[in-house]
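What follows is a short report on a single structure.
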Amino acid sequence: MQDEKIISDFRNHDMNALQYVYQTYRRDFIKWASFKYSVDTEVAEDVFSDAVIDVYHNVLSERYQKSDRASLKSYLFEIGKNKILNILNRQKISENHLKIIAHQQGSVYNNIFESSKNEEITNKVKELLDLIDQKCQKVLTLFYFHSLSMEDIAREMDFKNEDVAKNKKLKCLKRLQHIAFGRYDKTDFFD
Amino acid sequence: MEAETLQRFESYAFDLMSESEKQAFEADLVSDPGLKAEFEEFLHIVNGIRAYEREKIRGMMRESKLRSLQGGWRSLRRVAVAAAIILLLVIPGYVIFRMTTVTSRLAKEYYIEDPGLPVKMGASTNRLLDEAMIEYKDKQYRDALEKIGILKADSPDNDTLNYYAGICHFELGENEKAVQSFSSIVNQESNYYYQAKYNLGLAFIKLGKTEDAISALREVAEKGQDQLRLNAMEILEKL
């Protein structure tokens, strides 16, 4: 499949394209990562699946520009490489690796969300998402992860119009925020 | 949080503001600690939502990998169905064929998958063996065999190489070749000796050579260790 086709499929939120990229490059990446950075195959596998999702996400959020890149594969491997370097950084494997990381940082992880990451709260929100109703889950993930417009979300979820979708998103976000940060009242649990 | 505030947060976070709007928002964040705290909460929530969806997609990709494996199994089952039809048609060979199928099932039931050698590239002295192990762990037995073959050219009697060559052949259904590889491990002090004998027994079972299988497995049942020994004893009872 051509890169252009994959990117176009990503923009149409076609999960088969994601699967295609995963299956096409998985083996090459694991081999390459294992040799080049001395990581276990299991780590390489985890990094790879994360990198595929990053590529998808970056295409949707317009952070990936095809014209700037040699190929989607190179871009995917570049993201994977940075993830591995971050892992090595955390493990403080060697001075040499740290120097490389200092040089590399900023290329992929320079957005505002990365700088505000807090694992404890992230995990809490993840758990809460499992508890809230499915419509809330869907509206929030379609907007904040898949970058769908409110108009598209309204169409996808059979809301009357864009404004109804917006209200739903606001309500769901507030509910999640209140529960996550302990400021909830009964309106957060009952519509 | 009000709708207007949320829209401002999103516009800033998704880089949709003009330079002047951005500066005004940043000034508000500095002068209003409440707004700043709320904005940080917003970022945390969005991070959580993204992490949640990411995990779901990751699971989906891996599930699909499993599905393709199941697909492989389904095609094997189709082959088995075709074989059964042939069995019914070719009456004279039926009894022998049936016995082979039963014993093959036994070999499959008692086969213990070997996870392969750990691959630690940085510390490794033998890159080609590491490459072979990666192929092996990825179930690319033909590619693994190719690399093991290159190594074996220099060390034809190496136990490790012969053992994994045997496993690869066995996995590929090349039972004659598996027998050759496993049989070449003759040193009883080798770490692979009883594992090789055990797998040799299974390969013989698949080939329908029951007497040879009994001979190999008896040695494991008498002198092997732990699970291999118990398995060998059970198989011998069933043969």
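Going through the structure tokens in order, the chains are called A, B, and so on, while each chain numbers its residues from 1 and the ligands are numbered from 1 in the order shown.
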
Would you write out, as CSV, a table of all residues in chain A that have an atom no more than 8 Å from an atom of chain B, listing for each the closest atom pair and the distance in Å to one decimal, considering only C-alpha atoms and ordering rows by chain and rising residue number?
residue,atom,partner,partner_atom,distance
A:Leu18,CA,B:Met61,CA,7.8
A:Gln19,CA,B:Met61,CA,5.8
A:Tyr22,CA,B:Met61,CA,7.1
A:Gln23,CA,B:Lys65,CA,7.8
A:Lys31,CA,B:Ile134,CA,7.2
A:Ser34,CA,B:Met121,CA,6.8
A:Phe35,CA,B:Met121,CA,5.8
A:Tyr37,CA,B:Gly122,CA,7.7
A:Ser38,CA,B:Met121,CA,5.0
A:Val39,CA,B:Lys120,CA,7.2
A:Asp40,CA,B:Lys120,CA,6.8
A:Thr41,CA,B:Ile134,CA,7.8
A:Ser49,CA,B:Arg58,CA,6.1
A:Asp50,CA,B:Arg58,CA,7.2
A:Ile53,CA,B:Arg54,CA,6.8
A:Ile112,CA,B:Ala13,CA,6.6
A:Phe113,CA,B:Leu43,CA,6.1
A:Ser116,CA,B:Leu43,CA,6.7
A:Lys117,CA,B:His44,CA,6.6
A:Asn118,CA,B:His44,CA,7.0
A:Ile121,CA,B:His44,CA,6.6
A:Thr122,CA,B:Gly48,CA,4.2
A:Asn123,CA,B:Gly48,CA,6.6
A:Lys124,CA,B:Gly48,CA,7.6
A:Val125,CA,B:Gly48,CA,5.0
A:Lys126,CA,B:Tyr52,CA,5.1
A:Leu129,CA,B:Ile49,CA,7.5
A:Leu140,CA,B:Ile49,CA,7.1
A:Thr141,CA,B:Ile49,CA,6.2
A:Tyr144,CA,B:Val46,CA,6.5
A:Phe145,CA,B:Arg50,CA,5.3
A:Leu170,CA,B:Ala3,CA,6.7
A:Leu173,CA,B:Ile45,CA,7.8
A:Lys174,CA,B:Met1,CA,6.7
A:Leu176,CA,B:Ile45,CA,7.5
A:Gln177,CA,B:Ile45,CA,6.6

Next on the checklist: Please list as a ChimeraX atom specification every residue within 10 Å of Ile214 of chain B, counting only C-alpha atoms and excluding residues in the same chain fewer than 4 positions away.
Outcome noted: /B:201-202,204-205,209-210,218-221,232-233,235-237,239

With N, CA and C atoms retained, could you export that selection as a PDB file, in the first residue's frame?
ATOM      1  N   GLY B 201      12.237 -38.519  19.970  1.00  0.00           N
ATOM      2  CA  GLY B 201      11.138 -39.476  20.147  1.00  0.00           C
ATOM      3  C   GLY B 201       9.865 -38.962  19.487  1.00  0.00           C
ATOM      4  N   LEU B 202       9.568 -37.677  19.690  1.00  0.00           N
ATOM      5  CA  LEU B 202       8.351 -37.109  19.088  1.00  0.00           C
ATOM      6  C   LEU B 202       8.424 -37.116  17.559  1.00  0.00           C
ATOM      7  N   PHE B 204      10.121 -39.205  15.731  1.00  0.00           N
ATOM      8  CA  PHE B 204       9.937 -40.597  15.297  1.00  0.00           C
ATOM      9  C   PHE B 204       8.443 -40.966  15.322  1.00  0.00           C
ATOM     10  N   ILE B 205       7.745 -40.492  16.354  1.00  0.00           N
ATOM     11  CA  ILE B 205       6.304 -40.776  16.434  1.00  0.00           C
ATOM     12  C   ILE B 205       5.604 -40.227  15.192  1.00  0.00           C
ATOM     13  N   LYS B 209       7.527 -44.229  13.243  1.00  0.00           N
ATOM     14  CA  LYS B 209       8.571 -45.197  13.643  1.00  0.00           C
ATOM     15  C   LYS B 209       8.490 -45.411  15.148  1.00  0.00           C
ATOM     16  N   THR B 210       7.498 -46.182  15.536  1.00  0.00           N
ATOM     17  CA  THR B 210       7.181 -46.317  16.959  1.00  0.00           C
ATOM     18  C   THR B 210       8.325 -46.944  17.751  1.00  0.00           C
ATOM     19  N   ARG B 218      12.495 -43.927  26.084  1.00  0.00           N
ATOM     20  CA  ARG B 218      12.811 -44.738  27.268  1.00  0.00           C
ATOM     21  C   ARG B 218      14.032 -44.149  27.989  1.00  0.00           C
ATOM     22  N   GLU B 219      14.993 -43.712  27.201  1.00  0.00           N
ATOM     23  CA  GLU B 219      16.195 -43.124  27.810  1.00  0.00           C
ATOM     24  C   GLU B 219      15.835 -41.870  28.621  1.00  0.00           C
ATOM     25  N   VAL B 220      14.907 -41.068  28.069  1.00  0.00           N
ATOM     26  CA  VAL B 220      14.491 -39.847  28.781  1.00  0.00           C
ATOM     27  C   VAL B 220      13.706 -40.230  30.041  1.00  0.00           C
ATOM     28  N   ALA B 221      12.858 -41.243  29.908  1.00  0.00           N
ATOM     29  CA  ALA B 221      12.043 -41.667  31.056  1.00  0.00           C
ATOM     30  C   ALA B 221      12.918 -42.216  32.181  1.00  0.00           C
ATOM     31  N   ALA B 232       7.743 -38.272  29.095  1.00  0.00           N
ATOM     32  CA  ALA B 232       8.240 -39.449  28.360  1.00  0.00           C
ATOM     33  C   ALA B 232       7.567 -40.716  28.885  1.00  0.00           C
ATOM     34  N   MET B 233       7.415 -40.798  30.213  1.00  0.00           N
ATOM     35  CA  MET B 233       6.766 -41.980  30.799  1.00  0.00           C
ATOM     36  C   MET B 233       5.308 -42.093  30.335  1.00  0.00           C
ATOM     37  N   ILE B 235       3.985 -40.849  27.592  1.00  0.00           N
ATOM     38  CA  ILE B 235       3.915 -41.190  26.155  1.00  0.00           C
ATOM     39  C   ILE B 235       4.152 -42.689  25.964  1.00  0.00           C
ATOM     40  N   LEU B 236       5.148 -43.202  26.695  1.00  0.00           N
ATOM     41  CA  LEU B 236       5.468 -44.630  26.563  1.00  0.00           C
ATOM     42  C   LEU B 236       4.263 -45.506  26.922  1.00  0.00           C
ATOM     43  N   GLU B 237       3.523 -45.050  27.928  1.00  0.00           N
ATOM     44  CA  GLU B 237       2.328 -45.815  28.304  1.00  0.00           C
ATOM     45  C   GLU B 237       1.298 -45.820  27.181  1.00  0.00           C
ATOM     46  N   LEU B 239       1.921 -45.441  23.894  1.00  0.00           N
ATOM     47  CA  LEU B 239       2.367 -45.982  22.593  1.00  0.00           C
ATOM     48  C   LEU B 239       2.063 -47.485  22.474  1.00  0.00           C
TER      49      LEU B 239
END

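Nearest to Ser149 of chain A of all the residues A:Lys5, A:Arg11, A:Lys81, A:Lys171 is A:Arg11, based on only C-alpha atoms.
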
Item to check | Long-range neighbours of Lys223 of chain B as a list in words, 12 Å cut-off, only C-alpha atoms, 3 positions minimum in chain | outcome: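 The contact residues come out as Gln188, Tyr193, Tyr194, Gln195, Lys197, Tyr198, Ala216, Leu217, Arg218, Glu219, Val220, Asp226, Gln227, Leu228, Arg229, Leu230, Ala232 and Met233 of chain B.
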
Can I get the selected residues back with N, CA and C atoms, as a compact mmCIF listing (two decimals), in the first residue's frame?
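The new file result_2.txt reads:
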# COMPACT_ATOMS: atom_id res chain seq x y z
N GLN B 188 26.32 -37.09 26.23
CA GLN B 188 25.35 -37.12 27.33
C GLN B 188 25.55 -35.99 28.33
N TYR B 193 21.07 -32.74 25.67
CA TYR B 193 21.00 -34.16 25.34
C TYR B 193 19.58 -34.74 25.51
N TYR B 194 19.03 -34.58 26.72
CA TYR B 194 17.72 -35.22 26.97
C TYR B 194 16.57 -34.48 26.26
N GLN B 195 16.72 -33.18 26.13
CA GLN B 195 15.70 -32.43 25.37
C GLN B 195 15.70 -32.92 23.93
N LYS B 197 16.75 -35.87 22.86
CA LYS B 197 16.24 -37.25 22.83
C LYS B 197 14.70 -37.25 22.86
N TYR B 198 14.18 -36.39 23.71
CA TYR B 198 12.72 -36.29 23.86
C TYR B 198 12.08 -35.88 22.53
N ALA B 216 14.10 -43.93 22.08
CA ALA B 216 14.57 -42.59 22.47
C ALA B 216 13.90 -42.13 23.76
N LEU B 217 12.60 -42.36 23.84
CA LEU B 217 11.85 -41.86 25.00
C LEU B 217 12.16 -42.65 26.27
N ARG B 218 12.49 -43.93 26.08
CA ARG B 218 12.81 -44.74 27.27
C ARG B 218 14.03 -44.15 27.99
N GLU B 219 14.99 -43.71 27.20
CA GLU B 219 16.20 -43.12 27.81
C GLU B 219 15.83 -41.87 28.62
N VAL B 220 14.91 -41.07 28.07
CA VAL B 220 14.49 -39.85 28.78
C VAL B 220 13.71 -40.23 30.04
N ASP B 226 12.63 -34.05 35.60
CA ASP B 226 11.39 -33.31 35.79
C ASP B 226 10.32 -33.62 34.74
N GLN B 227 9.83 -32.51 34.13
CA GLN B 227 8.68 -32.62 33.23
C GLN B 227 8.97 -33.54 32.05
N LEU B 228 10.19 -33.43 31.51
CA LEU B 228 10.53 -34.26 30.34
C LEU B 228 10.38 -35.74 30.69
N ARG B 229 10.88 -36.09 31.86
CA ARG B 229 10.85 -37.50 32.31
C ARG B 229 9.40 -37.97 32.47
N LEU B 230 8.60 -37.16 33.15
CA LEU B 230 7.20 -37.53 33.36
C LEU B 230 6.45 -37.65 32.04
N ALA B 232 7.74 -38.27 29.10
CA ALA B 232 8.24 -39.45 28.36
C ALA B 232 7.57 -40.72 28.88
N MET B 233 7.41 -40.80 30.21
CA MET B 233 6.77 -41.98 30.80
C MET B 233 5.31 -42.09 30.33

Next on the checklist: So that I can check the surroundings of Ala154 of chain A, please list as a ChimeraX atom specification every protein, DNA and RNA residue that reaches within 9 Å of it, counting only C-alpha atoms and ignoring chain neighbours fewer than 5 positions away.
Outcome noted: /A:139,149,159-166

Go ahead and write the selection's residues with N, CA and C atoms as a compact mmCIF listing (two decimals), in the first residue's frame.
# COMPACT_ATOMS: atom_id res chain seq x y z
N VAL A 139 -17.53 10.06 22.64
CA VAL A 139 -17.41 11.46 22.23
C VAL A 139 -16.04 12.02 22.62
N SER A 149 -13.94 16.27 13.90
CA SER A 149 -14.60 17.55 14.15
C SER A 149 -15.92 17.29 14.87
N PHE A 159 -26.16 12.51 16.82
CA PHE A 159 -26.65 13.66 17.57
C PHE A 159 -27.39 14.55 16.59
N LYS A 160 -28.31 15.35 17.16
CA LYS A 160 -29.13 16.18 16.30
C LYS A 160 -28.28 17.17 15.48
N ASN A 161 -27.32 17.78 16.13
CA ASN A 161 -26.41 18.70 15.43
C ASN A 161 -25.09 18.85 16.20
N GLU A 162 -24.25 19.69 15.65
CA GLU A 162 -22.92 19.92 16.21
C GLU A 162 -22.99 20.45 17.66
N ASP A 163 -23.96 21.31 17.92
CA ASP A 163 -24.09 21.91 19.26
C ASP A 163 -24.43 20.87 20.32
N VAL A 164 -25.27 19.91 19.93
CA VAL A 164 -25.61 18.84 20.87
C VAL A 164 -24.35 18.03 21.20
N ALA A 165 -23.56 17.77 20.17
CA ALA A 165 -22.31 17.01 20.37
C ALA A 165 -21.36 17.80 21.28
N LYS A 166 -21.28 19.10 21.06
CA LYS A 166 -20.40 19.95 21.88
C LYS A 166 -20.83 19.92 23.33

Checklist entry - Using only C-alpha atoms, which of B:Tyr141, B:Tyr136, B:Tyr110, B:Phe182 sits nearest Asp157 of chain B? => result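 Closest to Asp157 of chain B of all the choices is B:Phe182.
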
Next on the checklist: Using DSSP secondary structure from the backbone, list all helix (DSSP H, G or I) positions within segment 126-191 of chain A, as a PyMOL selection string.
Outcome noted: chain A and resi 126-131+134-144+150-156+162-180+186-188

Next on the checklist: If I take atom CA of Leu35 of chain B and atom CA of Phe9 of chain B, how far is one from the other in Å, to one decimal?
Outcome noted: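 For atom CA of Leu35 of chain B relative to atom CA of Phe9 of chain B, the distance reads 9.8 Å.
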
Checklist entry - Using only C-alpha atoms, which of the listed residues (A:Ala44, A:Leu72, A:Ser61, A:Asn167) sits closest to Thr24 of chain A? => result A:Leu72

Close residues, Tyr25 of chain A itself excluded, 10 Å, only C-alpha atoms, min 3 positions apart in chain, as a PDB file with N, CA and C atoms, in the first residue's frame:
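Listing of selection21.pdb after writing:
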ATOM      1  N   TYR A  20      -2.664  -2.617   8.999  1.00  0.00           N
ATOM      2  CA  TYR A  20      -1.763  -2.889   7.881  1.00  0.00           C
ATOM      3  C   TYR A  20      -0.330  -2.433   8.214  1.00  0.00           C
ATOM      4  N   VAL A  21      -0.241  -1.211   8.730  1.00  0.00           N
ATOM      5  CA  VAL A  21       1.087  -0.671   9.086  1.00  0.00           C
ATOM      6  C   VAL A  21       1.719  -1.546  10.162  1.00  0.00           C
ATOM      7  N   TYR A  22       0.927  -1.921  11.134  1.00  0.00           N
ATOM      8  CA  TYR A  22       1.425  -2.752  12.237  1.00  0.00           C
ATOM      9  C   TYR A  22       2.004  -4.062  11.703  1.00  0.00           C
ATOM     10  N   ASP A  28      10.380  -5.981  10.841  1.00  0.00           N
ATOM     11  CA  ASP A  28      11.566  -5.183  10.507  1.00  0.00           C
ATOM     12  C   ASP A  28      11.957  -4.312  11.690  1.00  0.00           C
ATOM     13  N   PHE A  29      10.952  -3.708  12.303  1.00  0.00           N
ATOM     14  CA  PHE A  29      11.247  -2.789  13.403  1.00  0.00           C
ATOM     15  C   PHE A  29      11.866  -3.543  14.584  1.00  0.00           C
ATOM     16  N   ILE A  30      11.269  -4.666  14.927  1.00  0.00           N
ATOM     17  CA  ILE A  30      11.759  -5.417  16.090  1.00  0.00           C
ATOM     18  C   ILE A  30      13.200  -5.865  15.865  1.00  0.00           C
ATOM     19  N   PHE A  48       6.992  -0.555  19.349  1.00  0.00           N
ATOM     20  CA  PHE A  48       6.495  -0.486  17.982  1.00  0.00           C
ATOM     21  C   PHE A  48       4.991  -0.203  17.943  1.00  0.00           C
ATOM     22  N   VAL A  52       3.254   3.065  16.161  1.00  0.00           N
ATOM     23  CA  VAL A  52       2.231   3.026  15.093  1.00  0.00           C
ATOM     24  C   VAL A  52       1.074   3.955  15.460  1.00  0.00           C
ATOM     25  N   LYS A  73       7.486   4.853   6.630  1.00  0.00           N
ATOM     26  CA  LYS A  73       8.274   3.877   7.386  1.00  0.00           C
ATOM     27  C   LYS A  73       9.397   4.581   8.162  1.00  0.00           C
ATOM     28  N   LEU A  76       7.927   6.373  11.047  1.00  0.00           N
ATOM     29  CA  LEU A  76       7.544   5.403  12.077  1.00  0.00           C
ATOM     30  C   LEU A  76       8.779   4.959  12.871  1.00  0.00           C
ATOM     31  N   PHE A  77       9.848   4.647  12.153  1.00  0.00           N
ATOM     32  CA  PHE A  77      11.061   4.186  12.818  1.00  0.00           C
ATOM     33  C   PHE A  77      11.688   5.311  13.649  1.00  0.00           C
TER      34      PHE A  77
END

Item to check | Residue contacts of Lys108 of chain B (12 Å, only C-alpha atoms) excluding same-chain residues fewer than 4 positions away, as a PyMOL selection string | outcome: chain B and resi 101-104+112-113+170-171+173+199+201-203+205-206+235

Next on the checklist: Quick check, in Å to one decimal: how far apart do atom CA of Arg8 of chain B and atom CA of Lys22 of chain B lie?
Outcome noted: 9.6 Å
